[in-house]
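Have a look at input-v7.txt below; it lists compact mmCIF, C-alpha atoms and all ligand atoms.
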# COMPACT_ATOMS: atom_id res chain seq x y z
CA MET A 1 0.14 -40.66 -17.75
CA LEU A 2 3.18 -38.82 -16.44
CA ILE A 3 1.27 -35.52 -16.48
CA LYS A 4 -1.35 -37.04 -14.20
CA THR A 5 1.36 -38.19 -11.78
CA LEU A 6 2.79 -34.68 -11.71
CA LEU A 7 -0.62 -33.10 -11.22
CA ASN A 8 -1.31 -35.38 -8.29
CA LYS A 9 1.98 -34.37 -6.74
CA VAL A 10 1.22 -30.69 -7.17
CA GLU A 11 -2.45 -30.60 -6.37
CA ARG A 12 -4.53 -33.54 -5.22
CA PHE A 13 -8.25 -33.18 -4.66
CA LYS A 14 -9.81 -35.52 -2.18
CA SER A 15 -13.13 -36.14 -3.90
CA PHE A 16 -12.06 -35.70 -7.53
CA VAL A 17 -9.74 -37.50 -9.96
CA TYR A 18 -7.88 -36.38 -13.04
CA GLY A 19 -9.20 -37.99 -16.22
CA ALA A 20 -8.18 -37.81 -19.87
CA ILE A 21 -5.68 -35.17 -20.97
CA CYS A 22 -5.59 -33.84 -24.50
CA VAL A 23 -4.32 -30.97 -26.61
CA GLN A 24 -7.07 -29.02 -28.29
CA LEU A 25 -7.97 -25.56 -29.49
CA VAL A 26 -9.25 -23.12 -26.87
CA GLY A 27 -10.09 -19.71 -28.25
CA GLY A 28 -8.21 -20.61 -31.45
CA VAL A 29 -4.99 -21.54 -29.61
CA GLU A 30 -3.70 -25.03 -28.82
CA ALA A 31 -4.01 -25.71 -25.13
CA LEU A 32 -3.68 -28.58 -22.71
CA VAL A 33 -7.09 -29.66 -21.42
CA ILE A 34 -7.30 -31.87 -18.34
CA ASP A 35 -10.59 -33.57 -17.57
CA ILE A 36 -11.68 -33.86 -13.97
CA GLU A 37 -14.30 -36.29 -12.67
CA PRO A 38 -15.83 -36.70 -9.24
CA ARG A 39 -14.61 -39.77 -7.39
CA ARG A 40 -17.09 -42.64 -7.58
CA ASN A 41 -19.77 -42.38 -4.87
CA SER A 42 -18.57 -38.93 -3.77
CA ARG A 43 -21.32 -36.49 -2.94
CA PRO A 44 -21.22 -32.80 -3.93
CA LEU A 45 -20.60 -30.09 -1.36
CA CYS A 46 -23.14 -27.32 -0.72
CA PRO A 47 -21.41 -23.93 -1.24
CA GLU A 48 -23.52 -22.26 1.44
CA CYS A 49 -23.55 -24.56 4.44
CA GLY A 50 -20.59 -26.78 3.54
CA LYS A 51 -22.56 -30.00 3.97
CA ARG A 52 -22.66 -32.80 1.44
CA GLY A 53 -25.90 -33.60 -0.36
CA SER A 54 -27.20 -35.73 -3.18
CA VAL A 55 -26.69 -34.90 -6.86
CA TYR A 56 -29.60 -33.00 -8.38
CA ASP A 57 -28.22 -32.77 -11.94
CA ARG A 58 -25.09 -31.80 -13.85
CA GLN A 59 -24.32 -28.63 -15.69
CA PRO A 60 -22.49 -28.42 -19.01
CA GLN A 61 -18.70 -28.73 -18.99
CA ARG A 62 -16.72 -25.64 -18.08
CA LEU A 63 -13.08 -24.70 -18.43
CA PHE A 64 -11.02 -23.42 -15.52
CA GLU A 65 -7.68 -21.90 -16.43
CA TYR A 66 -4.75 -23.53 -14.68
CA LEU A 67 -1.04 -22.65 -14.67
CA PRO A 68 0.58 -22.74 -18.08
CA VAL A 69 2.74 -25.77 -18.87
CA TRP A 70 5.74 -24.89 -21.00
CA THR A 71 4.17 -22.33 -23.23
CA PHE A 72 0.79 -24.03 -23.43
CA LYS A 73 -2.18 -22.58 -21.69
CA CYS A 74 -3.70 -25.21 -19.50
CA TYR A 75 -7.30 -25.82 -18.43
CA TYR A 76 -9.26 -28.08 -16.16
CA ARG A 77 -12.48 -29.28 -17.75
CA TYR A 78 -15.31 -30.22 -15.47
CA ALA A 79 -19.08 -30.45 -15.52
CA PRO A 80 -20.19 -29.09 -12.13
CA ARG A 81 -22.92 -30.97 -10.32
CA ARG A 82 -25.83 -29.33 -8.62
CA VAL A 83 -26.34 -30.41 -5.07
CA ASP A 84 -29.75 -30.90 -3.59
CA CYS A 85 -29.11 -29.49 -0.13
CA PRO A 86 -31.82 -30.17 2.47
CA SER A 87 -31.29 -26.76 4.09
CA CYS A 88 -30.25 -24.49 1.19
CA GLY A 89 -32.04 -25.91 -1.82
CA VAL A 90 -30.48 -26.68 -5.21
CA LYS A 91 -27.05 -25.08 -5.62
CA VAL A 92 -24.02 -25.49 -7.87
CA GLU A 93 -21.48 -27.50 -5.85
CA ALA A 94 -18.43 -25.93 -4.21
CA LEU A 95 -15.19 -26.89 -5.95
CA PRO A 96 -11.76 -27.12 -4.34
CA TRP A 97 -9.94 -25.49 -7.30
CA GLY A 98 -12.15 -22.51 -8.16
CA TYR A 99 -15.26 -20.63 -7.22
CA GLY A 100 -18.45 -19.25 -8.71
CA LYS A 101 -18.29 -18.01 -12.25
CA GLU A 102 -14.58 -17.21 -12.11
CA ARG A 103 -12.76 -18.83 -15.04
CA MET A 104 -9.42 -19.05 -13.26
CA THR A 105 -8.42 -21.71 -10.78
CA PHE A 106 -7.30 -20.59 -7.31
CA SER A 107 -3.72 -21.71 -8.03
CA TYR A 108 -3.57 -19.72 -11.24
CA GLN A 109 -4.83 -16.63 -9.43
CA VAL A 110 -2.19 -16.95 -6.73
CA PHE A 111 0.42 -17.54 -9.44
CA LEU A 112 -0.53 -14.39 -11.36
CA ALA A 113 -0.80 -12.33 -8.18
CA ARG A 114 2.72 -13.35 -7.14
CA TRP A 115 4.10 -12.22 -10.46
CA ALA A 116 2.09 -9.02 -10.25
CA LYS A 117 4.02 -8.19 -7.09
CA ARG A 118 7.34 -8.40 -8.93
CA LEU A 119 6.29 -6.89 -12.23
CA SER A 120 3.72 -4.31 -13.19
CA TRP A 121 0.24 -5.67 -13.85
CA LYS A 122 0.64 -4.81 -17.49
CA GLU A 123 3.89 -6.76 -17.79
CA THR A 124 2.36 -9.71 -15.97
CA ALA A 125 -0.57 -9.71 -18.38
CA ASP A 126 1.77 -9.52 -21.39
CA ILE A 127 4.04 -12.34 -20.26
CA PHE A 128 1.21 -14.75 -19.53
CA GLU A 129 -0.82 -13.69 -22.56
CA THR A 130 -3.77 -12.60 -20.61
CA SER A 131 -5.59 -9.33 -19.99
CA TRP A 132 -4.90 -6.59 -17.47
CA ASP A 133 -8.35 -7.24 -16.08
CA THR A 134 -7.55 -10.91 -15.46
CA VAL A 135 -4.44 -9.94 -13.50
CA PHE A 136 -6.53 -7.42 -11.56
CA ARG A 137 -9.09 -10.10 -10.63
CA ALA A 138 -6.31 -12.46 -9.55
CA VAL A 139 -4.73 -9.84 -7.30
CA LYS A 140 -8.12 -8.89 -5.91
CA PHE A 141 -8.85 -12.51 -5.06
CA VAL A 142 -5.56 -12.87 -3.18
CA VAL A 143 -6.00 -9.53 -1.40
CA ASP A 144 -9.60 -10.30 -0.36
CA TYR A 145 -8.45 -13.60 1.02
CA GLY A 146 -5.52 -11.97 2.84
CA LEU A 147 -7.63 -9.22 4.38
CA ALA A 148 -10.17 -11.76 5.63
CA CYS A 149 -7.51 -14.06 7.09
CA ARG A 150 -4.87 -11.69 8.45
CA ASP A 151 -4.04 -11.47 12.12
CA LEU A 152 -4.61 -8.03 13.63
CA ASP A 153 -3.52 -8.86 17.16
CA GLY A 154 -0.63 -7.02 18.78
CA VAL A 155 -0.92 -3.77 16.84
CA THR A 156 0.45 -1.23 19.33
CA GLU A 157 2.17 1.31 17.06
CA ILE A 158 0.53 2.91 14.09
CA GLY A 159 1.37 5.70 11.67
CA VAL A 160 -1.22 7.80 9.88
CA ASP A 161 -0.39 9.61 6.69
CA GLU A 162 -1.87 10.74 3.43
CA ILE A 163 -0.53 10.36 -0.07
CA LYS A 164 -1.45 12.30 -3.13
CA VAL A 165 -2.80 10.23 -5.97
CA PHE A 166 -3.80 10.87 -9.56
CA LYS A 167 -1.43 13.79 -10.07
CA GLY A 168 -2.29 15.22 -6.70
CA HIS A 169 -5.99 15.69 -7.37
CA LYS A 170 -7.00 13.20 -4.72
CA TYR A 171 -5.75 11.81 -1.44
CA LEU A 172 -5.58 8.40 0.11
CA THR A 173 -5.35 8.12 3.88
CA MET A 174 -2.90 5.42 4.87
CA VAL A 175 -2.71 3.70 8.23
CA TYR A 176 0.44 1.67 8.81
CA GLN A 177 1.40 -0.70 11.55
CA LEU A 178 4.87 0.33 12.75
CA ASN A 179 5.74 -2.44 15.23
CA ALA A 180 9.24 -3.74 14.53
CA GLY A 181 9.08 -6.80 12.34
CA VAL A 182 5.49 -6.24 11.22
CA ARG A 183 5.60 -2.95 9.39
CA ARG A 184 2.74 -3.06 6.97
CA LEU A 185 -0.21 -1.24 5.52
CA LEU A 186 -3.18 -1.83 7.81
CA TRP A 187 -5.78 0.23 6.06
CA CYS A 188 -6.25 2.77 3.31
CA GLY A 189 -9.24 4.82 2.25
CA PRO A 190 -10.11 7.73 -0.02
CA GLU A 191 -9.82 11.39 1.09
CA ARG A 192 -8.08 12.76 4.14
CA ARG A 193 -10.94 13.84 6.29
CA ALA A 194 -11.96 13.12 9.85
CA LYS A 195 -14.57 10.79 8.38
CA THR A 196 -11.89 8.76 6.63
CA LEU A 197 -9.90 8.05 9.77
CA LEU A 198 -13.08 7.42 11.75
CA ARG A 199 -13.85 4.66 9.28
CA PHE A 200 -10.48 3.06 10.02
CA PHE A 201 -11.08 3.08 13.77
CA HIS A 202 -14.58 1.75 13.26
CA GLU A 203 -13.33 -1.18 11.16
CA PHE A 204 -10.36 -1.76 13.44
CA GLY A 205 -12.66 -2.07 16.44
CA LYS A 206 -12.80 -0.58 19.93
CA GLU A 207 -10.89 -3.35 21.65
CA ARG A 208 -7.93 -3.23 19.28
CA SER A 209 -7.88 0.58 19.26
CA ALA A 210 -7.53 0.48 23.05
CA GLN A 211 -4.28 -1.49 22.65
CA ILE A 212 -2.56 1.22 20.60
CA LYS A 213 0.33 2.84 22.47
CA PHE A 214 1.86 5.16 19.86
CA VAL A 215 0.40 7.01 16.91
CA CYS A 216 2.68 8.83 14.49
CA SER A 217 0.99 11.45 12.39
CA ASP A 218 1.43 14.82 10.78
CA MET A 219 -0.16 18.08 11.89
CA TRP A 220 -3.33 17.61 9.90
CA GLY A 221 -6.05 18.85 12.26
CA PRO A 222 -8.86 16.41 11.42
CA TYR A 223 -6.54 13.43 12.01
CA LEU A 224 -5.34 14.78 15.36
CA LYS A 225 -8.90 15.20 16.61
CA VAL A 226 -9.93 11.69 15.60
CA ILE A 227 -6.81 10.12 17.14
CA ALA A 228 -7.40 11.95 20.43
CA LYS A 229 -11.00 10.73 20.46
CA LYS A 230 -10.57 7.14 19.32
CA ALA A 231 -7.24 6.24 20.92
CA PRO A 232 -7.02 8.62 23.90
CA GLN A 233 -4.57 6.35 25.73
CA ALA A 234 -2.03 6.50 22.90
CA LEU A 235 0.87 8.92 22.74
CA ASN A 236 0.32 10.93 19.57
CA ILE A 237 3.68 11.85 18.10
CA LEU A 238 4.28 14.39 15.41
CA ASP A 239 7.39 12.78 14.04
CA ARG A 240 10.49 14.12 12.41
CA PHE A 241 9.61 12.97 8.93
CA HIS A 242 6.24 14.72 8.91
CA ILE A 243 7.54 17.93 10.43
CA MET A 244 10.49 18.20 8.08
CA ARG A 245 8.11 17.61 5.20
CA ALA A 246 6.23 20.76 6.22
CA PHE A 247 9.55 22.64 6.03
CA SER A 248 10.25 21.33 2.55
CA GLU A 249 6.83 22.42 1.38
CA ALA A 250 7.39 25.90 2.83
CA ILE A 251 10.80 26.25 1.15
CA ASP A 252 9.33 25.13 -2.12
CA GLN A 253 6.56 27.70 -1.83
CA ILE A 254 9.06 30.52 -1.08
CA ARG A 255 11.19 29.46 -4.05
CA ARG A 256 8.21 29.40 -6.41
CA ASP A 257 7.09 32.86 -5.29
CA GLU A 258 10.60 34.19 -5.71
CA VAL A 259 10.99 32.77 -9.20
CA LYS A 260 7.67 34.39 -10.12
CA GLN A 261 9.00 37.67 -8.78
CA PHE A 262 12.19 37.35 -10.89
CA LYS A 263 10.10 36.84 -13.97
CA ALA A 264 7.84 39.78 -13.19
CA ASN A 265 10.87 42.06 -12.72
CA GLY A 266 12.67 40.72 -15.79
CA GLN A 267 15.55 39.57 -13.56
CA GLU A 268 17.80 36.58 -14.19
CA ASN A 269 16.45 33.44 -12.54
CA VAL A 270 19.37 32.48 -10.30
CA LEU A 271 17.25 29.77 -8.71
CA GLU A 272 16.82 27.87 -11.93
CA ARG A 273 17.22 24.17 -11.26
CA GLY A 274 17.81 25.11 -7.63
CA ARG A 275 14.88 23.13 -6.27
CA TRP A 276 16.78 20.07 -5.15
CA LEU A 277 19.70 22.09 -3.83
CA LEU A 278 17.31 23.61 -1.35
CA LEU A 279 15.23 20.57 -0.54
CA LYS A 280 18.00 18.04 -0.01
CA ARG A 281 20.02 17.87 3.16
CA PRO A 282 23.50 19.39 2.60
CA GLU A 283 25.23 16.05 3.32
CA ASN A 284 23.34 14.48 0.44
CA LEU A 285 24.53 16.95 -2.19
CA SER A 286 27.19 16.15 -4.76
CA GLU A 287 30.41 18.22 -4.88
CA LYS A 288 29.14 20.25 -7.80
CA GLN A 289 25.82 20.89 -6.06
CA THR A 290 27.61 21.92 -2.88
CA ALA A 291 29.63 24.49 -4.82
CA ARG A 292 26.49 25.87 -6.42
CA LEU A 293 24.73 26.02 -3.07
CA GLY A 294 27.72 27.98 -1.76
CA GLU A 295 27.23 30.57 -4.48
CA LEU A 296 23.52 30.82 -3.79
CA LEU A 297 24.16 31.30 -0.08
CA LYS A 298 26.05 34.51 -0.85
CA LEU A 299 22.91 36.02 -2.37
CA ASN A 300 20.32 37.68 -0.23
CA LEU A 301 17.41 35.55 -1.33
CA ALA A 302 14.21 34.67 0.50
CA SER A 303 14.68 31.04 -0.54
CA ILE A 304 18.07 30.98 1.10
CA LYS A 305 16.75 32.52 4.29
CA GLY A 306 14.13 29.79 4.40
CA TYR A 307 16.77 27.17 3.73
CA LEU A 308 18.95 28.41 6.58
CA LEU A 309 16.02 28.47 8.96
CA ARG A 310 15.32 24.83 8.18
CA GLU A 311 18.95 23.80 8.56
CA ASP A 312 19.01 25.59 11.89
CA PHE A 313 15.91 23.72 13.02
CA GLN A 314 17.60 20.35 12.40
CA ARG A 315 19.45 20.87 15.70
CA PHE A 316 16.12 20.38 17.44
CA TRP A 317 16.26 16.63 16.86
CA ALA A 318 19.58 16.24 18.64
CA TYR A 319 18.18 17.17 22.06
CA GLN A 320 17.84 14.45 24.67
CA ARG A 321 15.58 16.27 27.11
CA PRO A 322 12.11 17.45 26.12
CA ASP A 323 12.38 20.64 28.20
CA PHE A 324 15.56 21.79 26.44
CA ALA A 325 14.07 20.87 23.09
CA GLY A 326 10.99 22.88 24.04
CA LYS A 327 13.09 25.97 24.78
CA PHE A 328 14.89 25.62 21.48
CA LEU A 329 11.54 25.32 19.70
CA ASP A 330 10.20 28.54 21.30
CA ASN A 331 13.37 30.34 20.37
CA TRP A 332 13.28 29.16 16.79
CA VAL A 333 9.61 30.09 16.43
CA THR A 334 10.31 33.63 17.64
CA ARG A 335 13.10 34.04 15.10
CA ALA A 336 11.03 32.64 12.25
CA LEU A 337 8.13 34.95 13.08
CA GLN A 338 10.44 37.95 12.83
CA THR A 339 11.21 37.21 9.17
CA ASP A 340 9.04 38.21 6.23
CA LEU A 341 8.80 34.64 4.95
CA GLU A 342 5.08 33.94 5.14
CA PRO A 343 5.28 30.15 4.42
CA MET A 344 7.97 29.76 7.10
CA LYS A 345 5.91 31.78 9.56
CA LYS A 346 3.06 29.43 8.89
CA VAL A 347 5.28 26.50 9.81
CA ALA A 348 6.38 28.33 12.95
CA ARG A 349 2.80 28.98 14.07
CA MET A 350 1.94 25.36 13.38
CA LEU A 351 4.89 24.16 15.45
CA ARG A 352 3.94 26.48 18.28
CA SER A 353 0.36 25.29 18.43
CA HIS A 354 1.37 21.62 18.35
CA LYS A 355 4.29 21.86 20.72
CA PRO A 356 3.18 19.16 23.22
CA LEU A 357 2.63 16.61 20.47
CA ILE A 358 5.98 17.43 18.92
CA LEU A 359 7.74 17.02 22.24
CA ASN A 360 6.14 13.58 22.52
CA TRP A 361 8.77 12.56 20.00
CA PHE A 362 11.38 12.87 22.73
CA LYS A 363 9.26 10.93 25.19
CA ALA A 364 8.98 8.00 22.78
CA LYS A 365 12.59 8.20 21.69
CA GLY A 366 14.18 4.85 21.08
CA GLN A 367 10.82 3.11 21.11
CA LEU A 368 9.64 4.16 17.74
CA SER A 369 11.40 4.13 14.42
CA SER A 370 11.09 7.58 12.93
CA GLY A 371 11.88 6.43 9.43
CA ALA A 372 9.20 3.76 9.27
CA VAL A 373 6.39 5.89 7.87
CA GLU A 374 8.76 7.45 5.39
CA GLY A 375 9.93 4.04 4.18
CA LEU A 376 6.40 2.73 3.75
CA ASN A 377 5.38 5.90 1.94
CA LEU A 378 8.22 5.49 -0.50
CA LYS A 379 7.10 1.95 -1.20
CA ALA A 380 3.54 3.16 -1.73
CA LYS A 381 4.78 5.72 -4.25
CA LEU A 382 6.76 3.04 -6.09
CA THR A 383 3.62 0.92 -6.26
CA MET A 384 1.76 3.81 -7.80
CA ARG A 385 4.50 4.37 -10.32
CA LYS A 386 4.28 0.73 -11.33
CA ALA A 387 0.58 1.22 -11.40
CA TYR A 388 0.13 2.00 -15.03
CA GLY A 389 -3.54 1.49 -15.76
CA PHE A 390 -4.93 2.08 -12.29
CA LYS A 391 -7.87 4.21 -13.19
CA THR A 392 -9.83 4.03 -10.00
CA LEU A 393 -9.00 4.48 -6.35
CA LYS A 394 -10.38 1.03 -5.63
CA CYS A 395 -7.78 -0.54 -7.96
CA LEU A 396 -5.05 1.46 -6.34
CA GLU A 397 -6.15 0.42 -2.87
CA ILE A 398 -5.99 -3.24 -3.87
CA ALA A 399 -2.51 -2.76 -5.34
CA LEU A 400 -1.33 -1.08 -2.13
CA TYR A 401 -2.69 -3.83 0.10
CA HIS A 402 -1.07 -6.36 -2.21
CA GLU A 403 2.35 -4.72 -2.03
CA LEU A 404 2.42 -3.35 1.49
CA GLY A 405 -0.11 -5.36 3.46
CA LYS A 406 2.08 -8.40 4.17
CA LEU A 407 -1.11 -10.40 3.70
CA PRO A 408 -1.31 -14.15 4.16
CA GLU A 409 -1.86 -16.11 0.95
CA PRO A 410 -4.12 -19.08 0.32
CA ASP A 411 -2.12 -22.04 1.48
CA TYR A 412 -0.77 -24.44 -1.15
CA HIS A 413 1.79 -27.03 -0.33
CA HIS A 414 3.38 -26.52 -3.72
CA ARG A 415 5.03 -23.19 -4.52
CA PHE A 416 4.71 -22.47 -8.20
CA CYS A 417 6.78 -19.32 -8.32
ZN ZN A 501 -26.51 -26.14 2.20

Turn this file's structure into structure tokens for me.
Ligand SMILES: [Zn+2]
Amino acid sequence: MLIKTLLNKVERFKSFVYGAICVQLVGGVEALVIDIEPRRNSRPLCPECGKRGSVYDRQPQRLFEYLPVWTFKCYYRYAPRRVDCPSCGVKVEALPWGYGKERMTFSYQVFLARWAKRLSWKETADIFETSWDTVFRAVKFVVDYGLACRDLDGVTEIGVDEIKVFKGHKYLTMVYQLNAGVRRLLWCGPERRAKTLLRFFHEFGKERSAQIKFVCSDMWGPYLKVIAKKAPQALNILDRFHIMRAFSEAIDQIRRDEVKQFKANGQENVLERGRWLLLKRPENLSEKQTARLGELLKLNLASIKGYLLREDFQRFWAYQRPDFAGKFLDNWVTRALQTDLEPMKKVARMLRSHKPLILNWFKAKGQLSSGAVEGLNLKAKLTMRKAYGFKTLKCLEIALYHELGKLPEPDYHHRFC
């Protein structure tokens, strides 16, 4: 009797009542089974039009998995009615605790999905003695609900980026909202082509796209074209994070080429384990690393020249006025082009051809957080690391929306976890 009282406190269904409760074997394991009956004289609900109709017949009893109680698995048992709907025909009634052929109740799906945000999907499945696939379906249910019910008004700042997935063999294009207080993943889709971003703008809609004031992106040509076409009113900013990433990639390329050269010449590899020394900012190095960097700096290496060019470029971000910053940029580009560092020259040419968009960073200064895209990207990478078992892009997309989308959840007055 007490269990029924508790159930009614946690979840009360208007047209249904809890019946007998017993412990019995389900799939060879003892479980708590709670019978549910329709309230006397209640009429079933048509799943298509939402109107009530008369009972046509009843189907055999089905189990719907509910939240576990102590360590017992718990099920609702109910024989769904078929409703004879005047407009839609004979249909299986809509139920307030579950839908269609899904074996889990809504509450159990939300419960699993919440845990799957804190733990990996595999761990969640292990703890609740269920399958990875069940956890996946639960998360998908919550994400589908969230995407359908989220509020997309007031999106005025967005960031576009791509992340490498599946060991770098594929890309996902990510579109983030960057407005303070609502930083979240708005959209993600496979590949990083013009077509990909066009799909975002298409789904986002013309009216909303017209409200966008700032777009942060990297120098990827296809993105820039689409942004200029679909949000022409927005200030497209090539931000610090994206530009400095291009530098890091160039330094890494120079270092790899140089190490190859050492090997070919049978020379000692002085750059061994030097990757992070060169990629990190000097203020983030440990004392030991700083000492080692000091030794490297004495050598006349291409990697070091690249490193110094990047460190020199950091001054660019300290300018207040776009015109001064522009002069510095020209000057730096000239110097970089005089070196024999092909990857760095590539960066220089890229900077030169995108100068106006880069200088937009100074125009938007103070209005846009430059670290926002970086922060969201880090989170996305963490999600992927937790993502053991994500074999398809679709799975990964759902996981990313779940973690980064700040999606609304189905509303229950009782919080289970
Ligand atoms: Zn109907």

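Distances here use only C-alpha atoms and all ligand atoms; by that measure, the residue among A:Val92, A:Arg40, A:Gln367, A:Cys74 closest to ligand ZN 501 (chain A) is A:Val92.
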
Throw together the list of residues within 6 Å of ligand ZN 501 (chain A), counting all atoms listed in the file, and drop it here as a CSV table (one decimal) with C-alpha atoms, keeping the file's coordinate frame.
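And here is the file that came out, result-v7.csv:
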chain,number,residue,atom,x,y,z
A,46,CYS,CA,-23.1,-27.3,-0.7
A,48,GLU,CA,-23.5,-22.3,1.4
A,49,CYS,CA,-23.6,-24.6,4.4
A,51,LYS,CA,-22.6,-30.0,4.0
A,85,CYS,CA,-29.1,-29.5,-0.1
A,87,SER,CA,-31.3,-26.8,4.1
A,88,CYS,CA,-30.2,-24.5,1.2

### Message
as a count of residues only, please: the residues near Leu407 of chain A (cut-off 10 Å, all atoms listed in the file, same-chain neighbours under 6 positions excluded).
### Response
14

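For the pair atom CA of Leu95 of chain A and atom CA of Gly28 of chain A, the separation is 27.2 Å.
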
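Atom CA of Glu162 of chain A is found 22.1 Å from atom CA of Pro356 of chain A.
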
What's around Leu271 of chain A at 9 Å? Count all atoms listed in the file, leave out sequence neighbours fewer than 4 positions away in its own chain, and write the answer as an mmCIF file with C-alpha atoms, in the frame of the given file.
data_model
loop_
_atom_site.group_PDB
_atom_site.id
_atom_site.type_symbol
_atom_site.label_atom_id
_atom_site.label_comp_id
_atom_site.auth_asym_id
_atom_site.auth_seq_id
_atom_site.Cartn_x
_atom_site.Cartn_y
_atom_site.Cartn_z
ATOM 1 C CA ARG A 255 11.190 29.460 -4.050
ATOM 2 C CA GLU A 258 10.600 34.190 -5.710
ATOM 3 C CA VAL A 259 10.990 32.770 -9.200
ATOM 4 C CA ARG A 275 14.880 23.130 -6.270
ATOM 5 C CA LEU A 296 23.520 30.820 -3.790
ATOM 6 C CA SER A 303 14.680 31.040 -0.540
#
